[in-house]
Amino acid sequence: MEKEKKSSVSDVGAWGMNIVSSVGIIMANKQLMSPHGFGFGFATTLTGFHFSVTALVGLVSNATGYSASKHVPLWELVWFSLVANASITGMNLSLMLNSVGFYQISKLSMIPVVCVLEWILHGKHFAREVKLAVGVVVVGVGICTVTDVKVNAKGFLCACVAILCTSLQQISIGSLQKKYSIGSFELLSKTAPIQAVSLLVFGPFFDYYLTGKVLLEYKLSSSALFFILLSCSLAVFCNISQYLCIGRFSAVSFQVLGHMKTVCILTLGWLLFDSELTLKNLLGMALAVLGMVVYSWAVEQPKTLPITRDSLSEEDLKPLKEGMTESPLNDAELRESKV
């Protein structure tokens, strides 16, 4: 009982860290990148800074013995980093080429895409109540965020790449942790340096393509430097909590419950930046929160029921099947066990 209570506290802590750090980094970046703020319009390069600081924290943690380094094949780390960077690049391109409304729709479509990929890759099935809750969350967040919807061929292609890569990246976080029995922070420590190097090398060129601005020509003030450091510090907690949440729950849960951040961002935008908050926004936010509550209940329900073969996915059954095939008992061993 005490162990379950500690686990619940850890789960709440992981989600709390992710929501607070994610909302905080968005608010800091809004001030840093806004034309009315410091006009630092180099989003991809800034992400490279984020992963550089995260990699540095991981290096210090390993050097001090706080965390242990476990072996993960280099090709898997490189593949994961490529997918993750394609996700970041695709999202930035999607936001540039599409309307804000279509960009929000593309982000919402990640939930069903993650569900489909979980089913294809891991044979995972979802209860009717879970599907219903996902639908309610998507509709609720859509009501309070989607406005004008304009799309073009290039923007649509970039959005598809971003959706697919982001979904694969989030599923891979959980899969790699299970496959190599590696902790969330240890995995992040291995992937962050690869992402940092690649984003810092190619990021300035990509940002120039997006904005027409050169990084070296930016006039850095002490206030802008403070917000860059603040953004990087929050990114460390955001990255760690993302790996923690997906490792503890699933990519689907991370997507669904992660939309609580959208509700918080809309509320803080109204409180801090005088953003408009209409009745439509409020109704959408209430519906999204209701969907999250139903989703949490639907996910917890199977845990109170007896485990059967039908309730296990192919991923859950694989270790059991391997154990049976690796140590078959012959007739002599069976006779000895009876004696």
# chains A, B, ... in the order shown; residues from 1 in each chain; ligands from 1
call {"tool": "closest_atom_pairs", "arguments": {"of": "segment 86-175 of chain A", "to": "segment 209-217 of chain A", "cutoff": "12 Å", "atoms": "only C-alpha atoms", "output": "tab-separated table"}}
result
residue	atom	partner	partner_atom	distance
A:Thr89	CA	A:Leu210	CA	10.3
A:Gly90	CA	A:Leu210	CA	11.7
A:Met91	CA	A:Leu210	CA	11.9
A:Asn92	CA	A:Leu210	CA	8.3
A:Leu93	CA	A:Leu210	CA	7.5
A:Ser94	CA	A:Leu210	CA	10.8
A:Leu95	CA	A:Leu210	CA	10.2
A:Met96	CA	A:Leu210	CA	7.3
A:Leu97	CA	A:Leu210	CA	9.6
call {"tool": "write_last_selection", "arguments": {"atoms": "all heavy atoms", "output": "PDB file, in the first residue's frame"}}
result
ATOM      1  N   THR A  89      11.926  20.094 -36.867  1.00  0.00           N
ATOM      2  CA  THR A  89      11.985  20.829 -38.131  1.00  0.00           C
ATOM      3  C   THR A  89      10.616  20.872 -38.805  1.00  0.00           C
ATOM      4  O   THR A  89      10.182  21.919 -39.308  1.00  0.00           O
ATOM      5  CB  THR A  89      13.002  20.172 -39.080  1.00  0.00           C
ATOM      6  OG1 THR A  89      14.255  20.046 -38.406  1.00  0.00           O
ATOM      7  CG2 THR A  89      13.185  20.995 -40.338  1.00  0.00           C
ATOM      8  N   GLY A  90       9.935  19.727 -38.824  1.00  0.00           N
ATOM      9  CA  GLY A  90       8.622  19.654 -39.443  1.00  0.00           C
ATOM     10  C   GLY A  90       7.608  20.553 -38.759  1.00  0.00           C
ATOM     11  O   GLY A  90       6.783  21.207 -39.420  1.00  0.00           O
ATOM     12  N   MET A  91       7.668  20.609 -37.434  1.00  0.00           N
ATOM     13  CA  MET A  91       6.753  21.475 -36.684  1.00  0.00           C
ATOM     14  C   MET A  91       6.991  22.951 -37.012  1.00  0.00           C
ATOM     15  O   MET A  91       6.040  23.721 -37.206  1.00  0.00           O
ATOM     16  CB  MET A  91       6.922  21.245 -35.178  1.00  0.00           C
ATOM     17  CG  MET A  91       6.181  20.037 -34.657  1.00  0.00           C
ATOM     18  SD  MET A  91       4.404  20.265 -34.820  1.00  0.00           S
ATOM     19  CE  MET A  91       3.833  18.737 -34.115  1.00  0.00           C
ATOM     20  N   ASN A  92       8.258  23.342 -37.068  1.00  0.00           N
ATOM     21  CA  ASN A  92       8.579  24.733 -37.396  1.00  0.00           C
ATOM     22  C   ASN A  92       8.128  25.098 -38.810  1.00  0.00           C
ATOM     23  O   ASN A  92       7.576  26.179 -39.049  1.00  0.00           O
ATOM     24  CB  ASN A  92      10.085  24.983 -37.249  1.00  0.00           C
ATOM     25  CG  ASN A  92      10.527  24.995 -35.795  1.00  0.00           C
ATOM     26  OD1 ASN A  92       9.716  25.182 -34.895  1.00  0.00           O
ATOM     27  ND2 ASN A  92      11.806  24.781 -35.558  1.00  0.00           N
ATOM     28  N   LEU A  93       8.355  24.188 -39.768  1.00  0.00           N
ATOM     29  CA  LEU A  93       7.929  24.423 -41.146  1.00  0.00           C
ATOM     30  C   LEU A  93       6.408  24.458 -41.258  1.00  0.00           C
ATOM     31  O   LEU A  93       5.845  25.294 -41.984  1.00  0.00           O
ATOM     32  CB  LEU A  93       8.490  23.335 -42.063  1.00  0.00           C
ATOM     33  CG  LEU A  93       9.929  23.515 -42.548  1.00  0.00           C
ATOM     34  CD1 LEU A  93      10.390  22.278 -43.295  1.00  0.00           C
ATOM     35  CD2 LEU A  93      10.047  24.743 -43.435  1.00  0.00           C
ATOM     36  N   SER A  94       5.745  23.555 -40.536  1.00  0.00           N
ATOM     37  CA  SER A  94       4.285  23.514 -40.551  1.00  0.00           C
ATOM     38  C   SER A  94       3.695  24.819 -40.046  1.00  0.00           C
ATOM     39  O   SER A  94       2.736  25.356 -40.615  1.00  0.00           O
ATOM     40  CB  SER A  94       3.779  22.335 -39.707  1.00  0.00           C
ATOM     41  OG  SER A  94       2.371  22.328 -39.645  1.00  0.00           O
ATOM     42  N   LEU A  95       4.283  25.350 -38.974  1.00  0.00           N
ATOM     43  CA  LEU A  95       3.791  26.611 -38.409  1.00  0.00           C
ATOM     44  C   LEU A  95       4.029  27.771 -39.375  1.00  0.00           C
ATOM     45  O   LEU A  95       3.207  28.687 -39.470  1.00  0.00           O
ATOM     46  CB  LEU A  95       4.490  26.888 -37.075  1.00  0.00           C
ATOM     47  CG  LEU A  95       4.019  28.130 -36.294  1.00  0.00           C
ATOM     48  CD1 LEU A  95       2.531  28.057 -36.005  1.00  0.00           C
ATOM     49  CD2 LEU A  95       4.801  28.270 -35.008  1.00  0.00           C
ATOM     50  N   MET A  96       5.142  27.714 -40.130  1.00  0.00           N
ATOM     51  CA  MET A  96       5.457  28.793 -41.063  1.00  0.00           C
ATOM     52  C   MET A  96       4.559  28.745 -42.303  1.00  0.00           C
ATOM     53  O   MET A  96       4.088  29.783 -42.785  1.00  0.00           O
ATOM     54  CB  MET A  96       6.919  28.701 -41.488  1.00  0.00           C
ATOM     55  CG  MET A  96       7.345  29.836 -42.425  1.00  0.00           C
ATOM     56  SD  MET A  96       9.002  29.630 -43.107  1.00  0.00           S
ATOM     57  CE  MET A  96       8.681  28.434 -44.408  1.00  0.00           C
ATOM     58  N   LEU A  97       4.302  27.550 -42.830  1.00  0.00           N
ATOM     59  CA  LEU A  97       3.607  27.415 -44.109  1.00  0.00           C
ATOM     60  C   LEU A  97       2.084  27.342 -43.979  1.00  0.00           C
ATOM     61  O   LEU A  97       1.372  27.648 -44.940  1.00  0.00           O
ATOM     62  CB  LEU A  97       4.110  26.157 -44.835  1.00  0.00           C
ATOM     63  CG  LEU A  97       5.591  26.170 -45.236  1.00  0.00           C
ATOM     64  CD1 LEU A  97       6.012  24.811 -45.767  1.00  0.00           C
ATOM     65  CD2 LEU A  97       5.861  27.255 -46.279  1.00  0.00           C
TER      66      LEU A  97
END
call {"tool": "residues_around", "arguments": {"residues": "Leu266 of chain A", "least_positions_apart": "3", "cutoff": "8 Å", "atoms": "only C-alpha atoms", "output": "list in words"}}
result
Thr262, Val263, Gly269, Trp270, Ser275 and Leu277 of chain A
call {"tool": "write_last_selection", "arguments": {"atoms": "N, CA, C and O atoms", "output": "short mmCIF file (atom, residue, chain, number, x, y, z; two decimals), in the first residue's frame"}}
result
data_model
loop_
_atom_site.label_atom_id
_atom_site.label_comp_id
_atom_site.auth_asym_id
_atom_site.auth_seq_id
_atom_site.Cartn_x
_atom_site.Cartn_y
_atom_site.Cartn_z
N THR A 262 -2.18 23.02 -22.72
CA THR A 262 -2.89 23.96 -23.58
C THR A 262 -3.86 24.81 -22.78
O THR A 262 -3.95 26.03 -22.98
N VAL A 263 -4.57 24.17 -21.87
CA VAL A 263 -5.52 24.88 -21.01
C VAL A 263 -4.77 25.90 -20.15
O VAL A 263 -5.20 27.06 -20.01
N GLY A 269 -2.06 33.11 -20.74
CA GLY A 269 -2.04 34.13 -21.79
C GLY A 269 -3.05 35.23 -21.51
O GLY A 269 -2.80 36.41 -21.75
N TRP A 270 -4.20 34.83 -20.99
CA TRP A 270 -5.25 35.79 -20.63
C TRP A 270 -4.82 36.62 -19.41
O TRP A 270 -5.04 37.84 -19.36
N SER A 275 -4.44 38.25 -23.52
CA SER A 275 -5.05 37.52 -24.63
C SER A 275 -6.55 37.37 -24.39
O SER A 275 -7.01 37.28 -23.25
N LEU A 277 -10.09 35.75 -24.00
CA LEU A 277 -10.62 34.47 -23.54
C LEU A 277 -12.14 34.51 -23.66
O LEU A 277 -12.83 35.14 -22.87
#
call {"tool": "atom_distance", "arguments": {"atom1": "atom CA of His71 of chain A", "atom2": "atom CA of Thr191 of chain A"}}
result
12.1 Å
call {"tool": "residues_around", "arguments": {"residues": "segment 233-247 of chain A", "least_positions_apart": "4", "cutoff": "7 Å", "atoms": "only C-alpha atoms", "output": "list in words"}}
result
Ala14, Trp15, Met17, Asn18, Ser21, Ser22, Gly24, Ile25, His50, Thr54, Ile173, Gly174, Gln177, Ser184, Phe185, Leu229, Ala251 and Phe254 of chain A
call {"tool": "atom_distance", "arguments": {"atom1": "atom CA of Val256 of chain A", "atom2": "atom CA of Ala196 of chain A"}}
result
27.7 Å
call {"tool": "closest_residue", "arguments": {"among": "A:Leu279, A:Phe40, A:Val116, A:Ser222", "to": "Ala28 of chain A", "atoms": "only C-alpha atoms"}}
result
A:Phe40
call {"tool": "atom_distance", "arguments": {"atom1": "atom CA of Ser175 of chain A", "atom2": "atom CA of Ala84 of chain A"}}
result
14.5 Å
call {"tool": "select_by_dssp", "arguments": {"residues": "segment 131-287 of chain A", "states": "helix (DSSP H, G or I)", "output": "PyMOL selection string"}}
result
chain A and resi 131-145+153-179+184-211+215-217+222-248+251-258+260-272+279-287
call {"tool": "closest_residue", "arguments": {"among": "A:Thr47, A:Ser250, A:Ser106, A:Gln31", "to": "Ala159 of chain A", "atoms": "only C-alpha atoms"}}
result
A:Ser106
call {"tool": "residues_around", "arguments": {"residues": "Pro204 of chain A", "least_positions_apart": "3", "cutoff": "8 Å", "atoms": "only C-alpha atoms", "output": "ChimeraX atom specification"}}
result
/A:42,44-45,200-201,207-208,214-215
call {"tool": "closest_residue", "arguments": {"among": "A:Val293, A:Leu46, A:Leu74, A:Ile171", "to": "Ile88 of chain A", "atoms": "only C-alpha atoms"}}
result
A:Leu46
call {"tool": "residues_around", "arguments": {"residues": "segment 80-82 of chain A", "least_positions_apart": "6", "cutoff": "7 Å", "atoms": "only C-alpha atoms", "output": "list in words"}}
result
Gln169, Thr191, Ile194 and Gln195 of chain A
call {"tool": "write_last_selection", "arguments": {"atoms": "N, CA, C and O atoms", "output": "PDB file, in the first residue's frame"}}
result
ATOM      1  N   GLN A 169       8.701   9.358 -32.372  1.00  0.00           N
ATOM      2  CA  GLN A 169       9.670   9.709 -31.344  1.00  0.00           C
ATOM      3  C   GLN A 169       9.137   9.399 -29.947  1.00  0.00           C
ATOM      4  O   GLN A 169       9.830   8.819 -29.114  1.00  0.00           O
ATOM      5  N   THR A 191      20.803  10.548 -25.883  1.00  0.00           N
ATOM      6  CA  THR A 191      20.269  11.129 -27.129  1.00  0.00           C
ATOM      7  C   THR A 191      20.515  12.634 -27.224  1.00  0.00           C
ATOM      8  O   THR A 191      20.660  13.160 -28.327  1.00  0.00           O
ATOM      9  N   ILE A 194      23.659  14.004 -29.311  1.00  0.00           N
ATOM     10  CA  ILE A 194      23.520  13.836 -30.767  1.00  0.00           C
ATOM     11  C   ILE A 194      22.577  14.886 -31.326  1.00  0.00           C
ATOM     12  O   ILE A 194      22.857  15.516 -32.360  1.00  0.00           O
ATOM     13  N   GLN A 195      21.457  15.104 -30.631  1.00  0.00           N
ATOM     14  CA  GLN A 195      20.509  16.121 -31.082  1.00  0.00           C
ATOM     15  C   GLN A 195      21.112  17.515 -30.993  1.00  0.00           C
ATOM     16  O   GLN A 195      20.890  18.357 -31.872  1.00  0.00           O
TER      17      GLN A 195
END
call {"tool": "closest_residue", "arguments": {"among": "A:Leu199, A:Leu287, A:Val72, A:Val53", "to": "Lys179 of chain A", "atoms": "only C-alpha atoms"}}
result
A:Val72
call {"tool": "closest_residue", "arguments": {"among": "A:Val294, A:Ile120, A:Asn281, A:Phe38", "to": "Tyr218 of chain A", "atoms": "only C-alpha atoms"}}
result
A:Phe38
call {"tool": "residues_around", "arguments": {"residues": "Ala55 of chain A", "least_positions_apart": "2", "cutoff": "8 Å", "atoms": "only C-alpha atoms", "output": "PyMOL selection string"}}
result
chain A and resi 51-53+57-59+188-190+192-193+196
call {"tool": "write_last_selection", "arguments": {"atoms": "N, CA, C and O atoms", "output": "compact mmCIF listing (two decimals), in the first residue's frame"}}
result
# COMPACT_ATOMS: atom_id res chain seq x y z
N PHE A 51 19.14 21.32 -25.92
CA PHE A 51 19.71 19.98 -25.81
C PHE A 51 21.18 20.01 -25.41
O PHE A 51 21.67 19.05 -24.80
N SER A 52 21.88 21.10 -25.70
CA SER A 52 23.27 21.24 -25.25
C SER A 52 23.34 21.30 -23.73
O SER A 52 24.17 20.62 -23.10
N VAL A 53 22.46 22.12 -23.13
CA VAL A 53 22.43 22.22 -21.68
C VAL A 53 21.98 20.90 -21.06
O VAL A 53 22.53 20.46 -20.04
N VAL A 57 24.11 18.57 -18.43
CA VAL A 57 23.58 18.07 -17.15
C VAL A 57 23.75 16.56 -17.07
O VAL A 57 24.13 16.01 -16.03
N GLY A 58 23.47 15.86 -18.18
CA GLY A 58 23.65 14.40 -18.20
C GLY A 58 25.09 13.99 -18.03
O GLY A 58 25.40 13.01 -17.33
N LEU A 59 26.01 14.74 -18.65
CA LEU A 59 27.44 14.45 -18.53
C LEU A 59 27.92 14.62 -17.09
O LEU A 59 28.64 13.75 -16.55
N LEU A 188 17.85 9.94 -22.03
CA LEU A 188 17.95 11.34 -22.45
C LEU A 188 19.41 11.78 -22.51
O LEU A 188 19.81 12.51 -23.43
N SER A 189 20.23 11.33 -21.56
CA SER A 189 21.65 11.69 -21.54
C SER A 189 22.38 11.18 -22.77
O SER A 189 23.40 11.76 -23.19
N LYS A 190 21.90 10.08 -23.35
CA LYS A 190 22.55 9.50 -24.54
C LYS A 190 22.08 10.15 -25.84
O LYS A 190 22.85 10.27 -26.79
N ALA A 192 20.57 13.33 -26.08
CA ALA A 192 20.70 14.79 -26.09
C ALA A 192 21.96 15.28 -26.81
O ALA A 192 21.89 16.24 -27.59
N PRO A 193 23.16 14.68 -26.58
CA PRO A 193 24.36 15.19 -27.29
C PRO A 193 24.24 15.10 -28.81
O PRO A 193 24.68 16.02 -29.52
N ALA A 196 21.86 17.77 -29.94
CA ALA A 196 22.46 19.09 -29.75
C ALA A 196 23.43 19.44 -30.89
O ALA A 196 23.35 20.52 -31.48
call {"tool": "closest_residue", "arguments": {"among": "A:Ala133, A:Cys165, A:Ile182, A:Val23", "to": "Val114 of chain A", "atoms": "only C-alpha atoms"}}
result
A:Cys165
call {"tool": "residues_around", "arguments": {"residues": "Gln255 of chain A", "least_positions_apart": "3", "cutoff": "10 Å", "atoms": "only C-alpha atoms", "output": "list in words"}}
result
Lys107, Leu108, Met110, Ile111, Pro112, Val114, Val134, Ser167, Gln170, Ile246, Ser250, Ala251, Val252, Gly258, His259 and Met260 of chain A
